[in-house]
>>> print(open('structure-v2.txt').read())   # compact mmCIF, C-alpha atoms
# COMPACT_ATOMS: atom_id res chain seq x y z
CA MET A 1 -50.61 40.19 29.72
CA ILE A 2 -50.12 38.60 26.30
CA GLU A 3 -47.34 36.02 26.27
CA LEU A 4 -44.85 35.89 23.42
CA ARG A 5 -45.52 32.16 23.13
CA THR A 6 -49.18 32.91 22.36
CA LEU A 7 -48.20 35.42 19.67
CA GLU A 8 -45.80 32.86 18.23
CA THR A 9 -48.62 30.31 18.04
CA PHE A 10 -50.83 32.85 16.25
CA TYR A 11 -47.98 33.64 13.85
CA TRP A 12 -47.57 30.00 12.82
CA VAL A 13 -51.28 29.33 12.47
CA ALA A 14 -51.41 32.30 10.11
CA ARG A 15 -48.15 31.43 8.35
CA LEU A 16 -48.98 27.74 7.79
CA GLY A 17 -52.71 28.15 7.28
CA GLY A 18 -53.95 25.72 9.89
CA PHE A 19 -53.99 24.61 13.51
CA ARG A 20 -52.66 21.10 12.84
CA ARG A 21 -49.59 22.27 10.90
CA ALA A 22 -48.88 24.94 13.51
CA ALA A 23 -49.05 22.28 16.24
CA GLU A 24 -46.55 20.13 14.31
CA LYS A 25 -44.24 23.11 13.82
CA LEU A 26 -44.36 24.03 17.53
CA ASN A 27 -44.17 20.42 18.72
CA THR A 28 -47.42 20.69 20.67
CA THR A 29 -51.02 19.51 20.34
CA GLN A 30 -53.79 20.93 18.21
CA PRO A 31 -56.03 21.58 21.27
CA ALA A 32 -53.18 23.55 22.86
CA VAL A 33 -52.89 25.68 19.73
CA SER A 34 -56.66 26.27 19.67
CA ALA A 35 -56.64 27.27 23.34
CA ARG A 36 -53.89 29.85 22.77
CA ILE A 37 -55.74 31.39 19.84
CA VAL A 38 -58.96 31.60 21.87
CA GLN A 39 -56.97 33.22 24.70
CA LEU A 40 -55.52 35.76 22.26
CA GLU A 41 -58.92 36.58 20.77
CA GLN A 42 -60.37 37.06 24.25
CA ALA A 43 -57.50 39.37 25.20
CA PHE A 44 -58.17 41.59 22.17
CA ASN A 45 -61.94 41.04 22.29
CA THR A 46 -62.03 40.42 18.55
CA ARG A 47 -61.95 37.51 16.13
CA LEU A 48 -58.52 37.08 14.56
CA ILE A 49 -58.89 33.87 12.54
CA ASP A 50 -61.78 32.56 10.45
CA ARG A 51 -61.79 28.78 10.73
CA ASP A 52 -63.10 26.30 8.19
CA LYS A 53 -62.40 22.64 7.49
CA ARG A 54 -59.83 23.32 4.77
CA ARG A 55 -57.84 26.34 5.86
CA SER A 56 -57.66 29.02 8.53
CA ALA A 57 -57.69 32.59 7.21
CA LEU A 58 -56.94 35.87 8.98
CA THR A 59 -59.63 38.44 9.61
CA PRO A 60 -58.74 42.10 8.88
CA LYS A 61 -57.72 42.53 12.54
CA GLY A 62 -55.76 39.31 12.30
CA VAL A 63 -53.80 40.73 9.38
CA GLU A 64 -52.90 43.77 11.47
CA LEU A 65 -51.81 41.63 14.41
CA PHE A 66 -49.74 39.35 12.16
CA ALA A 67 -47.47 42.26 11.20
CA TYR A 68 -46.87 43.11 14.87
CA ALA A 69 -46.30 39.43 15.81
CA GLU A 70 -43.76 39.03 13.01
CA ARG A 71 -41.85 42.10 14.18
CA MET A 72 -41.84 40.99 17.81
CA LEU A 73 -40.59 37.51 16.95
CA ALA A 74 -37.92 38.98 14.71
CA LEU A 75 -36.80 41.25 17.55
CA ARG A 76 -36.61 38.27 19.91
CA THR A 77 -34.41 36.42 17.41
CA GLU A 78 -32.23 39.50 16.94
CA MET A 79 -31.81 39.77 20.72
CA VAL A 80 -30.85 36.11 21.10
CA MET A 81 -28.34 36.29 18.23
CA ALA A 82 -26.76 39.44 19.66
CA VAL A 83 -26.39 38.21 23.23
CA THR A 84 -25.69 34.49 22.76
CA SER A 85 -22.18 33.35 21.84
CA ALA A 86 -21.73 31.27 18.69
CA GLY A 87 -20.75 28.21 20.70
CA SER A 88 -23.94 28.42 22.75
CA LEU A 89 -26.38 28.63 19.84
CA ARG A 90 -28.26 25.35 19.71
CA GLY A 91 -30.98 23.73 17.69
CA THR A 92 -31.62 21.49 14.70
CA VAL A 93 -31.60 22.67 11.10
CA ARG A 94 -33.40 20.59 8.46
CA LEU A 95 -31.04 20.83 5.50
CA GLY A 96 -32.01 19.63 2.04
CA LEU A 97 -29.44 19.41 -0.73
CA SER A 98 -28.75 18.15 -4.21
CA GLU A 99 -26.54 15.11 -4.58
CA THR A 100 -23.98 17.14 -6.52
CA ILE A 101 -23.22 19.05 -3.29
CA VAL A 102 -22.87 15.73 -1.44
CA HIS A 103 -20.12 14.69 -3.88
CA THR A 104 -18.25 18.00 -3.68
CA TRP A 105 -18.14 20.06 -0.47
CA LEU A 106 -20.83 18.87 1.96
CA ALA A 107 -18.23 17.29 4.27
CA ARG A 108 -16.39 20.63 4.56
CA LEU A 109 -19.64 22.41 5.36
CA VAL A 110 -20.50 19.95 8.15
CA LYS A 111 -16.99 20.21 9.58
CA ARG A 112 -17.06 24.03 9.52
CA LEU A 113 -20.48 24.09 11.19
CA HIS A 114 -19.26 21.77 13.95
CA GLU A 115 -16.17 23.93 14.53
CA ARG A 116 -18.07 27.22 14.82
CA TYR A 117 -21.46 26.15 16.14
CA PRO A 118 -20.97 22.82 17.96
CA ALA A 119 -24.51 22.82 19.43
CA ILE A 120 -26.26 23.16 16.06
CA THR A 121 -27.17 19.81 14.51
CA LEU A 122 -28.27 18.94 10.99
CA GLU A 123 -31.01 16.70 9.67
CA ILE A 124 -29.92 16.10 6.08
CA ALA A 125 -32.19 15.10 3.20
CA VAL A 126 -30.84 14.48 -0.32
CA ASP A 127 -33.28 14.91 -3.21
CA VAL A 128 -33.73 16.49 -6.62
CA SER A 129 -34.08 20.27 -6.65
CA ALA A 130 -37.77 20.26 -7.63
CA ASN A 131 -38.67 18.23 -4.54
CA LEU A 132 -36.36 20.30 -2.33
CA ARG A 133 -38.10 23.47 -3.49
CA ASP A 134 -41.53 22.04 -2.68
CA SER A 135 -40.37 20.87 0.75
CA LEU A 136 -38.85 24.27 1.49
CA LEU A 137 -42.05 26.12 0.58
CA ALA A 138 -44.11 23.64 2.59
CA GLY A 139 -42.03 24.33 5.70
CA GLU A 140 -40.60 20.80 5.76
CA LEU A 141 -37.03 22.10 5.28
CA ASP A 142 -35.31 25.08 6.87
CA VAL A 143 -32.72 25.61 4.14
CA ALA A 144 -32.03 23.97 0.77
CA LEU A 145 -28.87 23.86 -1.33
CA LEU A 146 -30.32 23.35 -4.77
CA LEU A 147 -30.44 24.40 -8.40
CA GLY A 148 -31.89 27.85 -7.90
CA PRO A 149 -32.83 30.50 -7.25
CA VAL A 150 -36.25 29.86 -5.74
CA SER A 151 -38.70 32.57 -6.74
CA ALA A 152 -41.30 32.82 -3.99
CA PRO A 153 -42.34 35.31 -1.29
CA LYS A 154 -40.19 35.34 1.85
CA ILE A 155 -37.48 33.19 0.23
CA LYS A 156 -33.91 34.47 0.43
CA ASN A 157 -31.38 33.09 -2.06
CA LEU A 158 -27.62 33.19 -1.54
CA PRO A 159 -25.43 32.37 -4.56
CA LEU A 160 -23.26 29.30 -4.01
CA CYS A 161 -21.44 27.99 -7.05
CA GLN A 162 -21.59 26.96 -10.68
CA TYR A 163 -20.46 23.60 -12.01
CA PRO A 164 -19.79 23.17 -15.73
CA MET A 165 -21.39 20.09 -17.24
CA ALA A 166 -19.50 17.82 -19.63
CA TRP A 167 -19.85 14.67 -21.69
CA ILE A 168 -18.07 11.86 -19.84
CA ALA A 169 -17.21 8.33 -20.95
CA SER A 170 -15.04 5.36 -20.10
CA PRO A 171 -11.76 5.19 -22.04
CA ASP A 172 -12.84 1.67 -23.07
CA LEU A 173 -15.94 2.99 -24.85
CA PRO A 174 -15.12 3.07 -28.60
CA VAL A 175 -16.12 6.68 -29.18
CA GLU A 176 -14.77 8.43 -32.27
CA ALA A 177 -11.94 10.92 -31.77
CA GLY A 178 -12.17 14.67 -32.26
CA PRO A 179 -14.94 17.09 -31.37
CA LEU A 180 -18.10 15.02 -31.45
CA THR A 181 -21.42 16.07 -32.94
CA LEU A 182 -24.77 15.39 -31.29
CA THR A 183 -25.34 12.77 -33.96
CA GLN A 184 -22.21 10.91 -32.87
CA LEU A 185 -23.18 11.21 -29.20
CA ALA A 186 -26.67 9.92 -29.97
CA ALA A 187 -25.22 6.59 -31.09
CA TRP A 188 -24.76 5.78 -27.39
CA PRO A 189 -27.11 5.78 -24.41
CA ILE A 190 -27.05 9.19 -22.70
CA MET A 191 -27.05 9.00 -18.90
CA THR A 192 -27.87 11.98 -16.71
CA TYR A 193 -29.97 13.24 -13.81
CA SER A 194 -33.59 12.21 -13.24
CA ARG A 195 -36.54 13.38 -15.34
CA LEU A 196 -37.61 15.84 -12.63
CA THR A 197 -34.43 17.91 -12.96
CA LYS A 198 -33.39 20.91 -15.00
CA PRO A 199 -30.21 19.17 -16.31
CA TYR A 200 -32.34 16.35 -17.76
CA ARG A 201 -34.59 18.84 -19.55
CA GLU A 202 -31.62 20.77 -20.92
CA VAL A 203 -29.86 17.63 -22.17
CA THR A 204 -32.94 16.24 -23.90
CA GLU A 205 -33.75 19.64 -25.43
CA LEU A 206 -30.30 19.78 -27.05
CA PHE A 207 -31.04 16.63 -29.02
CA ALA A 208 -34.62 17.72 -29.77
CA ARG A 209 -33.36 20.83 -31.58
CA VAL A 210 -31.64 18.84 -34.34
CA GLU A 211 -33.13 16.36 -36.79
CA ILE A 212 -31.36 13.21 -35.65
CA PRO A 213 -32.59 9.91 -34.24
CA ARG A 214 -33.47 10.39 -30.59
CA PRO A 215 -30.88 8.71 -28.35
CA ARG A 216 -31.79 6.45 -25.46
CA PHE A 217 -31.86 8.52 -22.28
CA PHE A 218 -31.10 6.76 -19.00
CA ALA A 219 -32.47 9.13 -16.35
CA ASN A 220 -31.18 8.37 -12.87
CA SER A 221 -31.83 10.02 -9.50
CA SER A 222 -28.55 8.64 -8.09
CA LEU A 223 -25.41 10.44 -9.17
CA ALA A 224 -23.28 7.60 -7.79
CA SER A 225 -25.19 5.18 -10.01
CA ILE A 226 -24.63 7.36 -13.09
CA VAL A 227 -20.89 7.36 -12.40
CA ARG A 228 -20.88 3.58 -11.91
CA MET A 229 -22.72 3.00 -15.20
CA THR A 230 -20.29 5.33 -16.99
CA LEU A 231 -17.32 3.42 -15.55
CA ASP A 232 -18.91 0.20 -16.78
CA GLY A 233 -19.05 1.57 -20.33
CA ILE A 234 -22.82 1.51 -20.67
CA GLY A 235 -22.90 4.88 -22.41
CA ILE A 236 -22.01 8.57 -22.23
CA SER A 237 -22.99 10.60 -19.19
CA ALA A 238 -23.79 14.30 -18.90
CA ILE A 239 -22.54 15.27 -15.43
CA PRO A 240 -20.21 17.85 -13.81
CA PRO A 241 -16.53 16.82 -13.91
CA ALA A 242 -16.26 18.25 -10.38
CA VAL A 243 -17.99 15.16 -8.96
CA ILE A 244 -15.47 12.73 -10.45
CA PRO A 245 -11.97 14.27 -9.93
CA GLU A 246 -10.35 10.99 -8.85
CA GLU A 247 -11.77 9.02 -11.78
CA LEU A 248 -10.57 11.66 -14.25
CA ALA A 249 -7.12 11.94 -12.65
CA ALA A 250 -6.65 8.17 -12.70
CA GLY A 251 -7.84 7.89 -16.30
CA ARG A 252 -10.80 5.68 -15.39
CA LEU A 253 -13.07 8.25 -17.02
CA ARG A 254 -12.42 10.87 -19.68
CA ARG A 255 -14.00 14.10 -20.78
CA LEU A 256 -15.19 14.06 -24.37
CA ALA A 257 -14.68 17.00 -26.72
CA CYS A 258 -17.97 18.02 -28.30
CA ASP A 259 -19.14 20.83 -30.56
CA THR A 260 -22.20 21.39 -28.34
CA ALA A 261 -21.71 22.74 -24.82
CA LEU A 262 -23.97 21.95 -21.89
CA PRO A 263 -25.35 24.70 -19.60
CA PRO A 264 -23.71 24.82 -16.16
CA LEU A 265 -25.43 23.85 -12.91
CA VAL A 266 -26.11 26.97 -10.80
CA PHE A 267 -26.70 26.40 -7.09
CA THR A 268 -28.13 28.63 -4.38
CA ALA A 269 -28.69 28.35 -0.65
CA SER A 270 -32.37 29.15 -0.24
CA TYR A 271 -34.29 29.56 2.98
CA LEU A 272 -37.42 31.14 4.41
CA ASP A 273 -36.60 34.61 5.72
CA GLN A 274 -38.81 34.48 8.79
CA PRO A 275 -38.43 35.37 12.49
CA ASP A 276 -37.54 31.96 13.91
CA ASN A 277 -35.24 30.86 11.09
CA ALA A 278 -32.00 32.42 12.29
CA LEU A 279 -30.17 29.10 12.41
CA ALA A 280 -31.10 28.43 8.79
CA ALA A 281 -29.63 31.82 7.87
CA ILE A 282 -26.41 30.83 9.67
CA VAL A 283 -26.16 27.53 7.77
CA ALA A 284 -26.94 29.22 4.44
CA ALA A 285 -24.26 31.88 5.01
CA LEU A 286 -21.76 29.21 6.02
CA ALA A 287 -22.59 27.24 2.86
CA GLU A 288 -21.99 30.38 0.80
CA SER A 289 -18.58 30.82 2.45
CA VAL A 290 -17.53 27.18 1.96
CA ALA A 291 -18.68 27.21 -1.66
CA ALA A 292 -16.67 30.38 -2.32
CA GLU A 293 -13.54 28.77 -0.87
CA GLU A 294 -14.16 25.67 -2.99
CA HIS A 295 -14.14 27.75 -6.17
CA GLN A 296 -11.14 29.95 -5.43
CA PRO A 297 -8.26 29.50 -7.90
CA HIS A 298 -5.66 27.06 -6.57
>>> encode(input="structure-v2.txt", output="structure tokens")
Amino acid sequence: MIELRTLETFYWVARLGGFRRAAEKLNTTQPAVSARIVQLEQAFNTRLIDRDKRRSALTPKGVELFAYAERMLALRTEMVMAVTSAGSLRGTVRLGLSETIVHTWLARLVKRLHERYPAITLEIAVDVSANLRDSLLAGELDVALLLGPVSAPKIKNLPLCQYPMAWIASPDLPVEAGPLTLTQLAAWPIMTYSRLTKPYREVTELFARVEIPRPRFFANSSLASIVRMTLDGIGISAIPPAVIPEELAAGRLRRLACDTALPPLVFTASYLDQPDNALAAIVAALAESVAAEEHQPH
């Protein structure tokens, strides 16, 4: 009799391309993984995985078995989700997200998750979207709320929200009145997201399209630090007004009128659509719901 646990081990060796990574995923040892694969190959009397020092690859029979293993694991997940009540679902979801989400509706998402699924816990990592994408594809994250979508096999993307970008400055910064040109903006340091991000590329490309002196760009991976530097009057920041509602309402920061608009930030909830990732699908769907509520007209 072939145990489902053995098929699951085979699935992850095939999915992750190695015995060590499968052992880490399943929280077991590499010898235990090897033993299960040997047991499976003996049961079918055929070689399923070609092993080398760099990567484990499926044989033709292994490819056939992988399709069956994936379907059986998906059916197990479907059964558990159908029979188990929401309050009884338990497990840990590794959630990666952009800092913009932290400053807007992350707290509401965590609260909603606790209310509906009290036994599901989160391990939260905050990073730039490029790194979140890499971690998601490497299997180091279960779901990522990032500038998307992520174009890759087996990745499902749920639309979350869009945040307009704007030019922001301290009221104490002596910026000229009226709609500003890029030339006028370039007289000040421009502060925005880190060099690894899409917003940084879009901001720098705007100034590269016109023949003006290149401004000083202060790239920063910390959104809180960008806001602090803007409050201190160091320069003009390119950030979403949604992350600074209190500062704008109190007049500590102001939105500058400019004749050049910035592209909005478009976020998705992205996760691997695979048999054992049902909890990630739950968190992604909940994030989609919370984001939709956040952007309803008030």
>>> atom_distance(input="structure-v2.txt", atom1="CA of Arg195 in chain A", atom2="CA of Val175 in chain A")
25.6 Å
>>> closest_residue(input="structure-v2.txt", among="A:Leu196, A:Arg47, A:His114, A:Phe19", to="Ala35 in chain A", atoms="only C-alpha atoms")
A:Phe19
>>> closest_residue(input="structure-v2.txt", among="A:Val38, A:Ile236, A:Val203, A:Ala144", to="Leu185 in chain A", atoms="all atoms listed in the file")
A:Ile236
>>> atom_distance(input="structure-v2.txt", atom1="CA of Val143 in chain A", atom2="CA of Leu279 in chain A")
9.3 Å
>>> atom_distance(input="structure-v2.txt", atom1="CA of Ala138 in chain A", atom2="CA of Pro31 in chain A")
22.3 Å
>>> axis_aligned_box(input="structure-v2.txt", around="range 278-286 of chain A", padding_each_side="3 Å", output="lines of an AutoDock Vina configuration file")
center_x = -26.9
center_y = 30.0
center_z = 8.4
size_x = 16.2
size_y = 10.9
size_z = 14.0
>>> closest_residue(input="structure-v2.txt", among="A:Lys61, A:Arg216, A:Arg201, A:Arg94", to="Ala281 in chain A", atoms="all atoms listed in the file")
A:Arg94
>>> closest_residue(input="structure-v2.txt", among="A:Leu89, A:Gln30, A:Val63, A:Leu132", to="Tyr117 in chain A", atoms="all atoms listed in the file")
A:Leu89
>>> closest_residue(input="structure-v2.txt", among="A:Ala250, A:Ala187, A:Ala67, A:Ile101", to="Phe267 in chain A", atoms="only C-alpha atoms")
A:Ile101
